[in-house]
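Shown next: protein.txt, containing compact mmCIF, C-alpha atoms.
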# COMPACT_ATOMS: atom_id res chain seq x y z
CA MET A 1 23.04 -0.90 0.19
CA THR A 2 21.44 2.34 -1.04
CA VAL A 3 17.86 3.47 -0.47
CA TRP A 4 17.05 2.49 -4.06
CA ASP A 5 17.81 -1.22 -3.61
CA ASP A 6 14.26 -2.06 -2.47
CA LEU A 7 12.69 -0.64 -5.66
CA VAL A 8 12.34 -3.92 -7.50
CA GLY A 9 12.26 -3.55 -11.29
CA GLN A 10 12.02 0.26 -11.16
CA GLU A 11 15.44 1.25 -12.52
CA ARG A 12 14.15 4.15 -14.61
CA VAL A 13 12.23 5.68 -11.70
CA SER A 14 15.23 5.19 -9.40
CA GLU A 15 17.45 7.10 -11.82
CA GLN A 16 14.99 10.01 -12.00
CA LEU A 17 14.64 10.22 -8.24
CA ALA A 18 18.40 9.95 -7.67
CA ALA A 19 18.97 12.83 -10.09
CA ALA A 20 16.34 14.94 -8.31
CA ALA A 21 17.92 14.13 -4.93
CA ARG A 22 21.33 15.28 -6.22
CA ASP A 23 19.82 18.58 -7.37
CA ALA A 24 18.02 18.98 -4.04
CA ASP A 25 21.25 18.30 -2.18
CA ALA A 26 23.06 20.93 -4.23
CA PHE A 27 20.30 23.41 -3.39
CA VAL A 28 20.67 22.77 0.36
CA THR A 29 24.47 22.95 0.21
CA ALA A 30 24.37 26.27 -1.63
CA ALA A 31 21.85 27.71 0.85
CA ALA A 32 24.02 26.67 3.80
CA SER A 33 27.07 28.46 2.33
CA ASP A 34 25.10 31.57 1.25
CA ALA A 35 26.09 30.85 -2.35
CA PRO A 36 23.56 31.47 -5.12
CA PRO A 37 21.42 28.32 -5.43
CA PRO A 38 21.88 26.23 -8.58
CA GLU A 39 19.02 25.71 -10.96
CA ALA A 40 17.51 22.42 -9.72
CA SER A 41 15.32 21.61 -12.69
CA ARG A 42 14.94 17.94 -11.72
CA MET A 43 13.67 18.78 -8.23
CA THR A 44 10.20 20.09 -7.51
CA HIS A 45 7.93 20.60 -4.50
CA ALA A 46 5.26 17.99 -5.33
CA TRP A 47 5.46 14.44 -6.72
CA LEU A 48 2.79 11.94 -7.73
CA PHE A 49 3.76 8.24 -7.71
CA THR A 50 1.34 5.96 -9.56
CA GLY A 51 1.39 2.31 -10.48
CA PRO A 52 -0.48 -0.97 -9.95
CA PRO A 53 -0.73 -2.63 -6.52
CA GLY A 54 2.55 -4.16 -5.50
CA ALA A 55 4.70 -2.02 -7.81
CA GLY A 56 6.22 -0.20 -4.83
CA ARG A 57 4.70 3.30 -4.94
CA ASN A 58 5.09 3.89 -1.21
CA GLN A 59 8.57 2.37 -1.15
CA ALA A 60 9.69 4.64 -3.97
CA ALA A 61 8.37 7.73 -2.20
CA ARG A 62 9.96 6.73 1.10
CA ALA A 63 13.30 6.00 -0.59
CA PHE A 64 13.18 9.47 -2.15
CA ALA A 65 12.38 10.97 1.25
CA ALA A 66 15.39 9.18 2.71
CA ALA A 67 17.64 10.47 -0.06
CA LEU A 68 16.48 14.03 0.60
CA GLN A 69 17.32 13.62 4.30
CA CYS A 70 20.65 11.84 3.74
CA VAL A 71 23.47 13.22 5.92
CA SER A 72 26.22 10.80 4.90
CA PRO A 73 29.69 12.38 5.14
CA ASP A 74 30.54 10.67 1.84
CA ARG A 75 28.48 13.31 0.03
CA ALA A 76 31.26 15.83 0.66
CA LEU A 77 33.53 13.52 -1.34
CA GLY A 78 31.11 13.23 -4.23
CA GLY A 79 28.87 10.52 -2.83
CA VAL A 80 25.27 10.28 -4.01
CA PRO A 81 22.44 11.13 -1.55
CA GLY A 82 20.63 8.04 -0.31
CA CYS A 83 23.42 5.96 1.21
CA GLY A 84 20.94 3.89 3.23
CA PHE A 85 23.15 3.79 6.35
CA CYS A 86 23.25 7.29 7.85
CA ASP A 87 20.86 8.49 10.54
CA GLY A 88 18.86 10.56 8.03
CA CYS A 89 18.32 7.64 5.68
CA HIS A 90 17.61 5.11 8.42
CA THR A 91 15.05 7.19 10.31
CA ALA A 92 13.28 8.21 7.09
CA LEU A 93 13.01 4.60 5.95
CA VAL A 94 11.65 3.29 9.27
CA GLY A 95 9.27 6.22 9.72
CA THR A 96 10.80 8.00 12.74
CA HIS A 97 12.41 11.03 11.07
CA ALA A 98 11.18 14.30 12.58
CA ASP A 99 10.83 15.92 9.15
CA VAL A 100 9.09 13.06 7.33
CA SER A 101 5.34 12.92 8.04
CA THR A 102 3.30 10.00 6.72
CA VAL A 103 -0.45 10.04 6.18
CA ALA A 104 -2.25 6.77 5.39
CA ALA A 105 -5.92 5.89 5.30
CA VAL A 106 -6.98 4.34 8.59
CA GLY A 107 -10.48 3.61 7.29
CA ALA A 108 -12.08 3.87 3.88
CA GLU A 109 -11.13 7.57 3.53
CA ILE A 110 -8.52 10.06 4.64
CA LEU A 111 -10.58 12.56 6.61
CA VAL A 112 -9.80 16.25 6.81
CA LYS A 113 -9.08 15.89 10.53
CA ASP A 114 -6.39 13.34 9.63
CA MET A 115 -4.75 15.93 7.36
CA ARG A 116 -5.17 19.09 9.44
CA ASP A 117 -2.04 18.82 11.61
CA THR A 118 0.05 17.54 8.68
CA VAL A 119 -0.97 20.43 6.44
CA ARG A 120 -0.14 22.84 9.25
CA LYS A 121 3.28 21.21 9.67
CA SER A 122 3.97 21.49 5.92
CA PHE A 123 4.23 25.27 6.32
CA THR A 124 6.95 25.05 8.98
CA ALA A 125 10.70 24.93 8.42
CA PRO A 126 12.38 21.52 8.70
CA ALA A 127 13.92 20.82 12.09
CA ASN A 128 17.20 19.59 10.63
CA GLY A 129 17.57 22.33 8.01
CA ARG A 130 17.08 20.05 5.00
CA TRP A 131 13.54 19.21 3.82
CA GLN A 132 10.07 18.92 5.29
CA VAL A 133 8.62 15.84 3.56
CA ILE A 134 4.89 14.98 3.55
CA LEU A 135 4.14 11.47 2.29
CA VAL A 136 0.48 10.61 1.54
CA GLU A 137 0.35 6.85 0.99
CA ASP A 138 -3.30 6.54 -0.08
CA ALA A 139 -3.95 9.73 -2.04
CA GLU A 140 -6.85 8.05 -3.86
CA ARG A 141 -8.65 7.89 -0.50
CA LEU A 142 -8.61 11.65 0.09
CA ASN A 143 -12.21 12.81 0.37
CA GLU A 144 -13.38 16.19 -0.92
CA LYS A 145 -12.46 18.17 2.19
CA SER A 146 -9.09 16.55 2.82
CA ALA A 147 -8.18 16.83 -0.89
CA ASN A 148 -8.96 20.55 -0.81
CA ALA A 149 -6.72 20.94 2.24
CA VAL A 150 -3.88 19.24 0.35
CA LEU A 151 -4.52 21.39 -2.72
CA LYS A 152 -4.10 24.60 -0.76
CA ALA A 153 -0.81 23.36 0.68
CA VAL A 154 0.53 22.17 -2.68
CA GLU A 155 -0.43 25.43 -4.41
CA GLU A 156 1.71 27.58 -2.13
CA PRO A 157 4.25 25.32 -0.38
CA ALA A 158 6.96 26.44 2.01
CA PRO A 159 10.42 26.72 0.37
CA ARG A 160 11.75 23.49 1.89
CA THR A 161 8.56 21.40 1.81
CA VAL A 162 8.13 18.42 -0.54
CA TRP A 163 4.79 16.65 -1.02
CA MET A 164 4.76 13.01 -2.19
CA LEU A 165 1.39 11.53 -3.15
CA CYS A 166 0.90 7.84 -3.96
CA ALA A 167 -2.12 6.50 -5.88
CA PRO A 168 -2.93 3.62 -8.27
CA SER A 169 -3.48 5.95 -11.25
CA VAL A 170 -3.37 9.63 -12.11
CA GLU A 171 -7.17 9.63 -12.48
CA ASP A 172 -7.50 8.80 -8.76
CA VAL A 173 -6.20 12.26 -7.82
CA LEU A 174 -7.97 15.60 -8.28
CA PRO A 175 -6.92 17.27 -11.58
CA THR A 176 -6.08 20.45 -9.68
CA ILE A 177 -3.65 18.50 -7.47
CA ARG A 178 -2.04 16.33 -10.12
CA SER A 179 -1.45 19.32 -12.39
CA ARG A 180 0.88 20.70 -9.71
CA CYS A 181 2.85 17.45 -9.30
CA ARG A 182 5.66 15.80 -11.21
CA HIS A 183 4.28 12.42 -12.25
CA LEU A 184 6.26 9.16 -11.98
CA VAL A 185 4.76 5.89 -13.23
CA LEU A 186 5.91 2.61 -11.71
CA SER A 187 5.34 -0.69 -13.51
CA THR A 188 4.66 -4.17 -12.18
CA PRO A 189 8.02 -5.87 -11.53
CA SER A 190 8.75 -9.06 -13.42
CA VAL A 191 8.33 -12.37 -11.62
CA GLU A 192 12.06 -12.98 -12.07
CA ALA A 193 12.97 -9.64 -10.45
CA VAL A 194 10.76 -10.32 -7.42
CA ALA A 195 12.14 -13.83 -7.00
CA ASP A 196 15.70 -12.52 -7.21
CA MET A 197 14.94 -9.90 -4.52
CA LEU A 198 13.51 -12.55 -2.18
CA VAL A 199 16.61 -14.69 -2.56
CA ARG A 200 19.08 -11.82 -2.10
CA ARG A 201 17.33 -9.74 0.57
CA GLU A 202 15.24 -12.28 2.50
CA GLY A 203 17.35 -15.44 2.15
CA ILE A 204 14.44 -17.41 0.67
CA GLU A 205 15.20 -20.66 -1.14
CA PRO A 206 15.18 -20.09 -4.94
CA ASP A 207 12.38 -22.60 -5.61
CA VAL A 208 10.14 -21.06 -2.93
CA ALA A 209 10.96 -17.52 -4.09
CA ALA A 210 10.08 -18.39 -7.69
CA ALA A 211 6.79 -20.01 -6.62
CA VAL A 212 5.54 -17.11 -4.47
CA ALA A 213 6.67 -14.52 -7.02
CA ARG A 214 4.73 -16.38 -9.70
CA ALA A 215 1.69 -16.77 -7.43
CA THR A 216 1.53 -13.04 -6.68
CA GLN A 217 2.35 -11.98 -10.26
CA GLY A 218 4.98 -9.42 -9.30
CA HIS A 219 3.30 -7.99 -6.18
CA VAL A 220 6.40 -7.38 -4.04
CA ASP A 221 4.80 -7.05 -0.59
CA ARG A 222 2.50 -10.04 -1.01
CA ALA A 223 5.34 -12.17 -2.35
CA ARG A 224 7.48 -11.29 0.67
CA ARG A 225 4.63 -12.10 3.04
CA LEU A 226 3.83 -15.42 1.38
CA ALA A 227 7.49 -16.39 1.50
CA THR A 228 7.92 -15.55 5.19
CA ASP A 229 4.48 -16.05 6.81
CA PRO A 230 3.05 -19.60 7.08
CA ALA A 231 -0.36 -18.18 8.09
CA ALA A 232 -0.53 -16.17 4.86
CA ARG A 233 0.22 -19.31 2.85
CA ALA A 234 -2.50 -21.21 4.71
CA ARG A 235 -5.06 -18.45 4.02
CA ARG A 236 -4.18 -18.43 0.33
CA ALA A 237 -4.49 -22.23 0.13
CA ALA A 238 -7.97 -22.00 1.68
CA VAL A 239 -9.03 -19.32 -0.81
CA LEU A 240 -7.86 -21.43 -3.76
CA LYS A 241 -10.12 -24.27 -2.61
CA LEU A 242 -13.19 -22.03 -2.73
CA PRO A 243 -13.96 -22.52 -6.48
CA LEU A 244 -14.49 -26.25 -5.84
CA ARG A 245 -16.78 -25.61 -2.86
CA VAL A 246 -19.48 -23.58 -4.60
CA GLU A 247 -21.11 -26.44 -6.51
CA ASP A 248 -24.30 -26.17 -4.40
CA VAL A 249 -26.06 -23.29 -2.66
CA GLY A 250 -25.13 -24.43 0.83
CA GLY A 251 -21.48 -24.76 -0.09
CA ALA A 252 -21.45 -21.32 -1.70
CA LEU A 253 -22.95 -19.66 1.38
CA ARG A 254 -20.62 -21.50 3.77
CA ALA A 255 -17.60 -20.52 1.68
CA ALA A 256 -18.69 -16.87 1.78
CA GLN A 257 -19.15 -16.96 5.55
CA GLU A 258 -15.73 -18.54 6.08
CA LEU A 259 -14.03 -15.99 3.81
CA VAL A 260 -15.58 -13.07 5.71
CA ASP A 261 -14.83 -14.70 9.07
CA ALA A 262 -11.17 -15.15 8.11
CA ALA A 263 -10.93 -11.46 7.16
CA ALA A 264 -12.60 -10.47 10.43
CA GLU A 265 -10.12 -12.63 12.33
CA ASP A 266 -7.24 -10.78 10.66
CA ALA A 267 -8.73 -7.50 11.83
CA LYS A 268 -9.27 -8.89 15.33
CA GLN A 269 -5.66 -10.06 15.61
CA LEU A 270 -4.37 -6.64 14.59
CA ALA A 271 -6.71 -5.00 17.10
CA GLU A 272 -5.49 -7.26 19.89
CA GLU A 273 -1.90 -6.38 19.06
CA MET A 274 -2.38 -2.61 18.85
CA ASP A 275 -5.61 -1.33 20.42
CA GLY A 276 -4.90 -2.17 24.05
CA LYS A 277 -1.42 -0.67 24.04
CA GLU A 278 -2.61 2.47 22.24
CA THR A 279 -5.42 2.97 24.74
CA GLU A 280 -3.18 2.48 27.77
CA ASP A 281 -0.50 4.80 26.32
CA LEU A 282 -3.12 7.51 25.70
CA LYS A 283 -4.56 7.19 29.19
CA ALA A 284 -1.08 7.42 30.69
CA ALA A 285 -0.35 10.50 28.59
CA LEU A 286 -3.61 12.08 29.79
CA GLY A 287 -2.60 11.51 33.42
CA ALA A 288 -4.86 8.62 34.37
CA ALA A 289 -3.53 6.41 37.15
CA GLN A 290 -3.06 2.71 36.46
CA GLY A 291 -6.58 1.31 36.37
CA GLY A 292 -7.97 4.63 37.59
CA ARG A 293 -10.41 7.14 36.16
CA LEU A 294 -9.55 9.59 33.42
CA PRO A 295 -9.11 13.25 34.34
CA ARG A 296 -12.10 15.44 33.61
CA GLY A 297 -12.37 16.70 30.04
CA THR A 298 -10.26 13.92 28.44
CA ALA A 299 -13.02 11.48 27.47
CA GLY A 300 -13.20 13.04 24.00
CA ALA A 301 -9.60 12.08 23.23
CA VAL A 302 -10.29 8.46 24.18
CA LYS A 303 -13.45 8.47 22.04
CA ASP A 304 -11.45 9.77 19.05
CA LEU A 305 -8.93 6.94 19.52
CA GLU A 306 -11.71 4.35 19.69
CA ASP A 307 -13.23 5.73 16.47
CA MET A 308 -9.85 5.51 14.74
CA GLN A 309 -9.37 1.93 15.93
CA LYS A 310 -12.81 0.97 14.63
CA ARG A 311 -11.99 2.49 11.23
CA ARG A 312 -8.69 0.60 11.20
CA ARG A 313 -10.43 -2.73 11.90
CA THR A 314 -12.80 -2.09 9.01
CA ARG A 315 -9.90 -1.24 6.73
CA THR A 316 -7.94 -4.33 7.79
CA GLN A 317 -10.91 -6.58 7.06
CA ARG A 318 -11.36 -4.95 3.68
CA ASP A 319 -7.65 -5.32 2.85
CA SER A 320 -7.80 -9.00 3.74
CA LEU A 321 -10.81 -9.49 1.46
CA ASP A 322 -8.99 -7.61 -1.32
CA VAL A 323 -6.13 -10.11 -1.10
CA ALA A 324 -8.59 -13.02 -1.30
CA LEU A 325 -10.31 -11.48 -4.33
CA ALA A 326 -6.95 -11.02 -6.04
CA ASP A 327 -6.11 -14.70 -5.40
CA LEU A 328 -9.48 -15.78 -6.82
CA THR A 329 -9.01 -13.60 -9.90
CA SER A 330 -5.59 -15.13 -10.45
CA PHE A 331 -7.10 -18.63 -10.10
CA TYR A 332 -9.77 -18.06 -12.75
CA ARG A 333 -7.24 -16.31 -14.99
CA ASP A 334 -5.28 -19.59 -14.96
CA VAL A 335 -8.49 -21.53 -15.72
CA LEU A 336 -9.11 -19.26 -18.70
CA ALA A 337 -5.54 -19.72 -19.91
CA LEU A 338 -5.99 -23.50 -19.88
CA GLN A 339 -9.34 -23.29 -21.68
CA LEU A 340 -7.89 -21.10 -24.42
CA GLY A 341 -4.72 -23.15 -24.77
CA SER A 342 -2.55 -20.17 -23.89
CA ARG A 343 1.17 -20.69 -23.41
CA ILE A 344 1.49 -18.17 -20.58
CA ALA A 345 2.89 -19.55 -17.33
CA LEU A 346 0.30 -20.48 -14.72
CA ALA A 347 0.41 -18.45 -11.52
CA ASN A 348 -1.11 -21.14 -9.29
CA THR A 349 0.84 -24.26 -10.14
CA ASP A 350 0.21 -25.58 -6.62
CA ALA A 351 -3.50 -25.88 -7.51
CA GLU A 352 -3.05 -27.34 -10.99
CA ASP A 353 -5.42 -30.28 -10.43
CA ALA A 354 -8.26 -27.93 -9.46
CA LEU A 355 -7.47 -25.65 -12.40
CA GLU A 356 -7.65 -28.49 -14.89
CA ARG A 357 -10.87 -29.83 -13.36
CA LEU A 358 -12.62 -26.48 -13.69
CA ALA A 359 -11.17 -25.86 -17.14
CA ARG A 360 -12.64 -29.15 -18.39
CA GLY A 361 -15.98 -28.65 -16.67
CA SER A 362 -16.80 -25.12 -17.87
CA THR A 363 -16.47 -22.78 -20.84
CA PRO A 364 -14.31 -19.67 -21.34
CA GLU A 365 -17.50 -17.57 -21.30
CA SER A 366 -18.48 -18.81 -17.84
CA THR A 367 -14.93 -18.22 -16.57
CA LEU A 368 -15.10 -14.62 -17.77
CA ARG A 369 -18.44 -14.18 -16.01
CA ARG A 370 -16.87 -15.49 -12.81
CA ILE A 371 -13.99 -13.03 -13.09
CA GLU A 372 -16.54 -10.25 -13.59
CA ALA A 373 -18.39 -11.43 -10.46
CA ILE A 374 -15.18 -11.11 -8.42
CA ALA A 375 -14.65 -7.58 -9.75
CA ALA A 376 -18.28 -6.72 -8.91
CA CYS A 377 -17.70 -7.91 -5.35
CA GLY A 378 -14.74 -5.53 -5.04
CA GLU A 379 -16.85 -2.66 -6.35
CA ALA A 380 -19.63 -3.49 -3.88
CA LEU A 381 -17.14 -3.41 -1.01
CA ASP A 382 -15.94 -0.01 -2.28
CA ARG A 383 -19.53 1.22 -1.94
CA ASN A 384 -19.59 -0.02 1.69
CA VAL A 385 -21.94 -2.92 1.04
CA ALA A 386 -21.91 -5.27 4.02
CA PRO A 387 -19.00 -7.70 3.44
CA LEU A 388 -21.06 -10.87 3.92
CA LEU A 389 -23.74 -9.73 1.45
CA ALA A 390 -21.13 -8.80 -1.17
CA VAL A 391 -19.20 -12.05 -0.81
CA GLU A 392 -22.36 -14.19 -0.79
CA ALA A 393 -23.47 -12.55 -4.04
CA MET A 394 -20.04 -13.35 -5.49
CA THR A 395 -19.99 -17.02 -4.43
CA MET A 396 -23.51 -17.54 -5.80
CA ALA A 397 -22.37 -16.01 -9.11
CA LEU A 398 -19.32 -18.28 -9.11
CA ARG A 399 -21.67 -21.24 -8.64
CA ALA A 400 -23.89 -20.13 -11.51
CA GLY A 401 -20.97 -19.54 -13.87
Now that the file is in, can you turn its structure into C-alpha cells?
Amino acid sequence: MTVWDDLVGQERVSEQLAAAARDADAFVTAAASDAPPPEASRMTHAWLFTGPPGAGRNQAARAFAAALQCVSPDRALGGVPGCGFCDGCHTALVGTHADVSTVAAVGAEILVKDMRDTVRKSFTAPANGRWQVILVEDAERLNEKSANAVLKAVEEPAPRTVWMLCAPSVEDVLPTIRSRCRHLVLSTPSVEAVADMLVRREGIEPDVAAAVARATQGHVDRARRLATDPAARARRAAVLKLPLRVEDVGGALRAAQELVDAAAEDAKQLAEEMDGKETEDLKAALGAAQGGRLPRGTAGAVKDLEDMQKRRRTRTQRDSLDVALADLTSFYRDVLALQLGSRIALANTDAEDALERLARGSTPESTLRRIEAIAACGEALDRNVAPLLAVEAMTMALRAG
C-alpha cells in the first residue's frame, strides 16, 4: 500500500505528486552527499489543492507530505518515495510527524493567532533533515490578517519548507498567494470508484458500498461514514423525511427546530469527548494539582482554550448542518430528475416513494425554488445568521415551493 492509494479517482494528480516527490527526494539526496543538486522542475515550495467537497484535497496534500518525509530503505534500490509503511510515511499520515504542521479552522475563520506559531516554524530547518511541511486544510477560511501572514511566508520561504494549501476553488485564495503556488485540481470521484474503495479498504458489502456511494455522489469521507456509522445513517434518514413534514407551518417550524437540535447534539457529543480531557491536560501542564487551583498568571491560557472549544462547537454544528443541507439538495435534485423524465441514476433510492410523491405533487419550477432556498440557507449560515432563524426561513420556503 502506497500513500497514494487513498486518493480515490485522482490518478492524474497522484502521478504529478509522485513525480514531484521523486525530484524532491533527489534534491535531498544530493544535498546530503554534497553533490550539486539536480534541477527539480516538478518540485516547488508552495502548492494549492482545489476541488469540490469530498474530492480528497486534504488527503492528497497529506499523502504528498508523507512522500516527502518517506525514509524507506527501498528508495536506495530505486523505490519510489511514499511507501506508506516507513516511520516517515506513517507519522505524516496520522499527523504526528515533527516536521508536518497542520492548520485547520477551529471556528468560522483561521485567525492570525492560529497561524503565528506555524509561520514562525516555517522559517526553521526540518528536524529530520528532509522537509518542513505546512499543511493548511481550510485555506478559504484564512481571514485578512492570517492570509497576509501566510503570504509573507510563501513569498520568501526557507530552503526546505513546503506550503500546501487546500481550498474548494482557486478564487477562495488571495490572488497574491495563489500566484506563488503550483495549482492542482481534484475532481469528484465516480460513484463506482468510491464504492470500490469501500469494498477493498473498509470491507463493506458491495450492495451497501454502492448505495452509500450513490447517496453521497462521490463524497469519499461521507460515504465512508455512512457505511460505517449507524448514527450517521439514522441522521440522514431523518433529514430525508423533512420534505414531507413541511406541509403546514407548524410542521415546518418543528422540522427546523429538530434539524438545529440534531446539529447541536453533534457538537455537544464532540465537546464531551474532547473538552474535558483538553482542559484537564492543560491544567496539569500548568502545574495545577488534581482538583486544585491554578497557579497565578495561568488563567489566560485556560480562557484561550475555552474560547477555542467554543469556536469548535460552533464549527461542528455548522458542519453538521452543511451535511443536512447537502442531503436535502440531493433529495430535491432527484425530485427534479423525476419531474423532467431524466435518465440519470437517483441518488436516494431508499426514499423513492417520497421522491415520487413530491414529483407528482409539484412542478419543476417549485423544485428549483426549493433548491435555491437550501442554497440561501447555506449562505445565511456563512454570514453568521443564527442557525434556527436560517433553517426556519428555509423550511418555510420549502413549504411554499
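Around stretch 307-317 of chain A, within 9 Å and counting only C-alpha atoms, the residues found are A:Ala105, A:Val106, A:Gly107, A:Ala108, A:Val260, A:Ala262, A:Ala263, A:Ala264, A:Glu265, A:Asp266, A:Ala267, A:Lys268, A:Leu270, A:Ala271, A:Met274, A:Asp275, A:Val302, A:Asp322, A:Pro387, once anything fewer than 5 positions away on its own chain is removed.
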I need the residues from that last selection saved to file as a compact mmCIF listing (two decimals), in the frame of the given file (with C-alpha atoms), if you can.
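Produced file part.txt, reproduced below:
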# COMPACT_ATOMS: atom_id res chain seq x y z
CA ALA A 105 -5.92 5.89 5.30
CA VAL A 106 -6.98 4.34 8.59
CA GLY A 107 -10.48 3.61 7.29
CA ALA A 108 -12.08 3.87 3.88
CA VAL A 260 -15.58 -13.07 5.71
CA ALA A 262 -11.17 -15.15 8.11
CA ALA A 263 -10.93 -11.46 7.16
CA ALA A 264 -12.60 -10.47 10.43
CA GLU A 265 -10.12 -12.63 12.33
CA ASP A 266 -7.24 -10.78 10.66
CA ALA A 267 -8.73 -7.50 11.83
CA LYS A 268 -9.27 -8.89 15.33
CA LEU A 270 -4.37 -6.64 14.59
CA ALA A 271 -6.71 -5.00 17.10
CA MET A 274 -2.38 -2.61 18.85
CA ASP A 275 -5.61 -1.33 20.42
CA VAL A 302 -10.29 8.46 24.18
CA ASP A 322 -8.99 -7.61 -1.32
CA PRO A 387 -19.00 -7.70 3.44
query = So which residues touch stretch 216-225 of chain A within 9 Å, counting all atoms listed in the file, skipping near sequence neighbours fewer than 5 positions away, as a PyMOL selection string?
reply = chain A and resi 8+52-56+188-195+197-198+202+209+211+230+232-233+323+326-327+330+347-348
How would the residues just picked look written out with C-alpha atoms as a tab-separated table (two decimals), in the coordinates of the input?
chain	number	residue	atom	x	y	z
A	8	VAL	CA	12.34	-3.92	-7.50
A	52	PRO	CA	-0.48	-0.97	-9.95
A	53	PRO	CA	-0.73	-2.63	-6.52
A	54	GLY	CA	2.55	-4.16	-5.50
A	55	ALA	CA	4.70	-2.02	-7.81
A	56	GLY	CA	6.22	-0.20	-4.83
A	188	THR	CA	4.66	-4.17	-12.18
A	189	PRO	CA	8.02	-5.87	-11.53
A	190	SER	CA	8.75	-9.06	-13.42
A	191	VAL	CA	8.33	-12.37	-11.62
A	192	GLU	CA	12.06	-12.98	-12.07
A	193	ALA	CA	12.97	-9.64	-10.45
A	194	VAL	CA	10.76	-10.32	-7.42
A	195	ALA	CA	12.14	-13.83	-7.00
A	197	MET	CA	14.94	-9.90	-4.52
A	198	LEU	CA	13.51	-12.55	-2.18
A	202	GLU	CA	15.24	-12.28	2.50
A	209	ALA	CA	10.96	-17.52	-4.09
A	211	ALA	CA	6.79	-20.01	-6.62
A	230	PRO	CA	3.05	-19.60	7.08
A	232	ALA	CA	-0.53	-16.17	4.86
A	233	ARG	CA	0.22	-19.31	2.85
A	323	VAL	CA	-6.13	-10.11	-1.10
A	326	ALA	CA	-6.95	-11.02	-6.04
A	327	ASP	CA	-6.11	-14.70	-5.40
A	330	SER	CA	-5.59	-15.13	-10.45
A	347	ALA	CA	0.41	-18.45	-11.52
A	348	ASN	CA	-1.11	-21.14	-9.29
query = Which residues come within 12 Å of stretch 247-254 of chain A, counting all atoms listed in the file, excluding same-chain residues fewer than 3 positions away, as a ChimeraX atom specification?
reply = /A:241-244,257-261,358,361,388-401
inquiry  = Rounded to one decimal, what separation in Å do you get between atom CA of A:Val185 and atom CA of A:Val13?
reply    = 7.6 Å
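Atom pair atom CA of A:Ala67 / atom CA of A:Ile177 has a distance of 23.9 Å (rounded to one decimal).
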request  = Could you jot down the atom CA of A:Leu111 to atom CA of A:Leu142 separation for me, Å, one decimal place?
outcome  =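 Separation between atom CA of A:Leu111 and atom CA of A:Leu142: 6.9 Å.
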task = Please return, as a ChimeraX atom specification, all polymer residues that have at least one atom within 8 Å of the point (-10.6, -20.5, -22.8); use only C-alpha atoms and the file's own coordinate frame.
result = /A:335-341,359,363-365,367
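If all atoms listed in the file are the atoms counted, then among A:Ala324, A:Val162, A:Val112, A:Val212 the closest residue to A:Leu135 is A:Val162.
Taking all atoms listed in the file into account, A:Glu372 lies nearest to A:Leu325 out of the set A:Ala351, A:Leu325, A:Ala18, A:Met164.
If you measure from each of A:Leu7, A:Ala153, A:Val136, A:Ile371 to A:Ala60 using all atoms listed in the file, the closest one turns out to be A:Leu7.
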Taking all atoms listed in the file into account, produce a table as a Markdown table in which each residue of stretch 110-164 of chain A with an atom at most 10 Å from an atom of stretch 42-48 of chain A appears once, together with its shortest atom pair and the distance in Å to one decimal, ordered by chain and rising number.
| residue | atom | partner | partner_atom | distance |
| --- | --- | --- | --- | --- |
| A:Val133 | CA | A:His45 | CA | 9.4 |
| A:Ile134 | CA | A:Ala46 | CA | 9.4 |
| A:Leu135 | CA | A:Trp47 | CA | 9.6 |
| A:Val136 | CA | A:Leu48 | CA | 9.6 |
| A:Ala139 | CA | A:Leu48 | CA | 9.1 |
| A:Val154 | CA | A:Ala46 | CA | 6.8 |
| A:Glu155 | CA | A:Ala46 | CA | 9.4 |
| A:Glu156 | CA | A:His45 | CA | 9.6 |
| A:Pro157 | CA | A:His45 | CA | 7.3 |
| A:Ala158 | CA | A:His45 | CA | 8.8 |
| A:Pro159 | CA | A:His45 | CA | 8.2 |
| A:Arg160 | CA | A:His45 | CA | 8.0 |
| A:Thr161 | CA | A:His45 | CA | 6.4 |
| A:Val162 | CA | A:His45 | CA | 4.5 |
| A:Trp163 | CA | A:Ala46 | CA | 4.5 |
| A:Met164 | CA | A:Trp47 | CA | 4.8 |
query = Counting all atoms listed in the file, which of A:Ile110, A:Ala256, A:Val100, A:Leu368 gets nearest to A:Pro126?
reply =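 The answer is A:Val100, which sits nearest to A:Pro126.
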Any idea what's packed within 8 Å of A:Pro81, counting only C-alpha atoms, ignoring anything in its chain fewer than 6 positions away? Could you give it as a compact mmCIF listing (two decimals) with C-alpha atoms, in the frame of the given file?
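Writing done, so here's selection.txt:
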# COMPACT_ATOMS: atom_id res chain seq x y z
CA ALA A 18 18.40 9.95 -7.67
CA ALA A 21 17.92 14.13 -4.93
CA ARG A 22 21.33 15.28 -6.22
CA ASP A 25 21.25 18.30 -2.18
CA ALA A 67 17.64 10.47 -0.06
CA LEU A 68 16.48 14.03 0.60
CA CYS A 70 20.65 11.84 3.74
CA VAL A 71 23.47 13.22 5.92
CA SER A 72 26.22 10.80 4.90
CA ARG A 75 28.48 13.31 0.03
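With only C-alpha atoms as the atoms that count, the residue of A:Leu93, A:Ala301, A:Leu321, A:Val385 with the shortest distance to A:Leu282 is A:Ala301.
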note = Restricting to all atoms listed in the file, whichever of A:Ser362, A:Thr329, A:Asn128, A:Thr349 is closest to A:Cys377 is A:Thr329
Written coordinates, C-alpha atoms of stretch 104-118 of chain A as a compact mmCIF listing (two decimals), in the first residue's frame:
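The resulting file, result26.txt, is shown below:
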# COMPACT_ATOMS: atom_id res chain seq x y z
CA ALA A 104 -7.38 23.79 10.25
CA ALA A 105 -10.19 26.18 11.02
CA VAL A 106 -11.47 25.62 14.54
CA GLY A 107 -14.28 28.14 14.08
CA ALA A 108 -15.57 30.07 11.10
CA GLU A 109 -12.12 31.56 10.35
CA ILE A 110 -8.44 30.81 10.74
CA LEU A 111 -7.27 33.63 12.98
CA VAL A 112 -3.82 35.18 12.81
CA LYS A 113 -3.05 33.84 16.29
CA ASP A 114 -3.73 30.33 14.95
CA MET A 115 -1.10 30.91 12.25
CA ARG A 116 1.55 32.81 14.20
CA ASP A 117 3.49 29.85 15.64
CA THR A 118 3.15 27.88 12.39
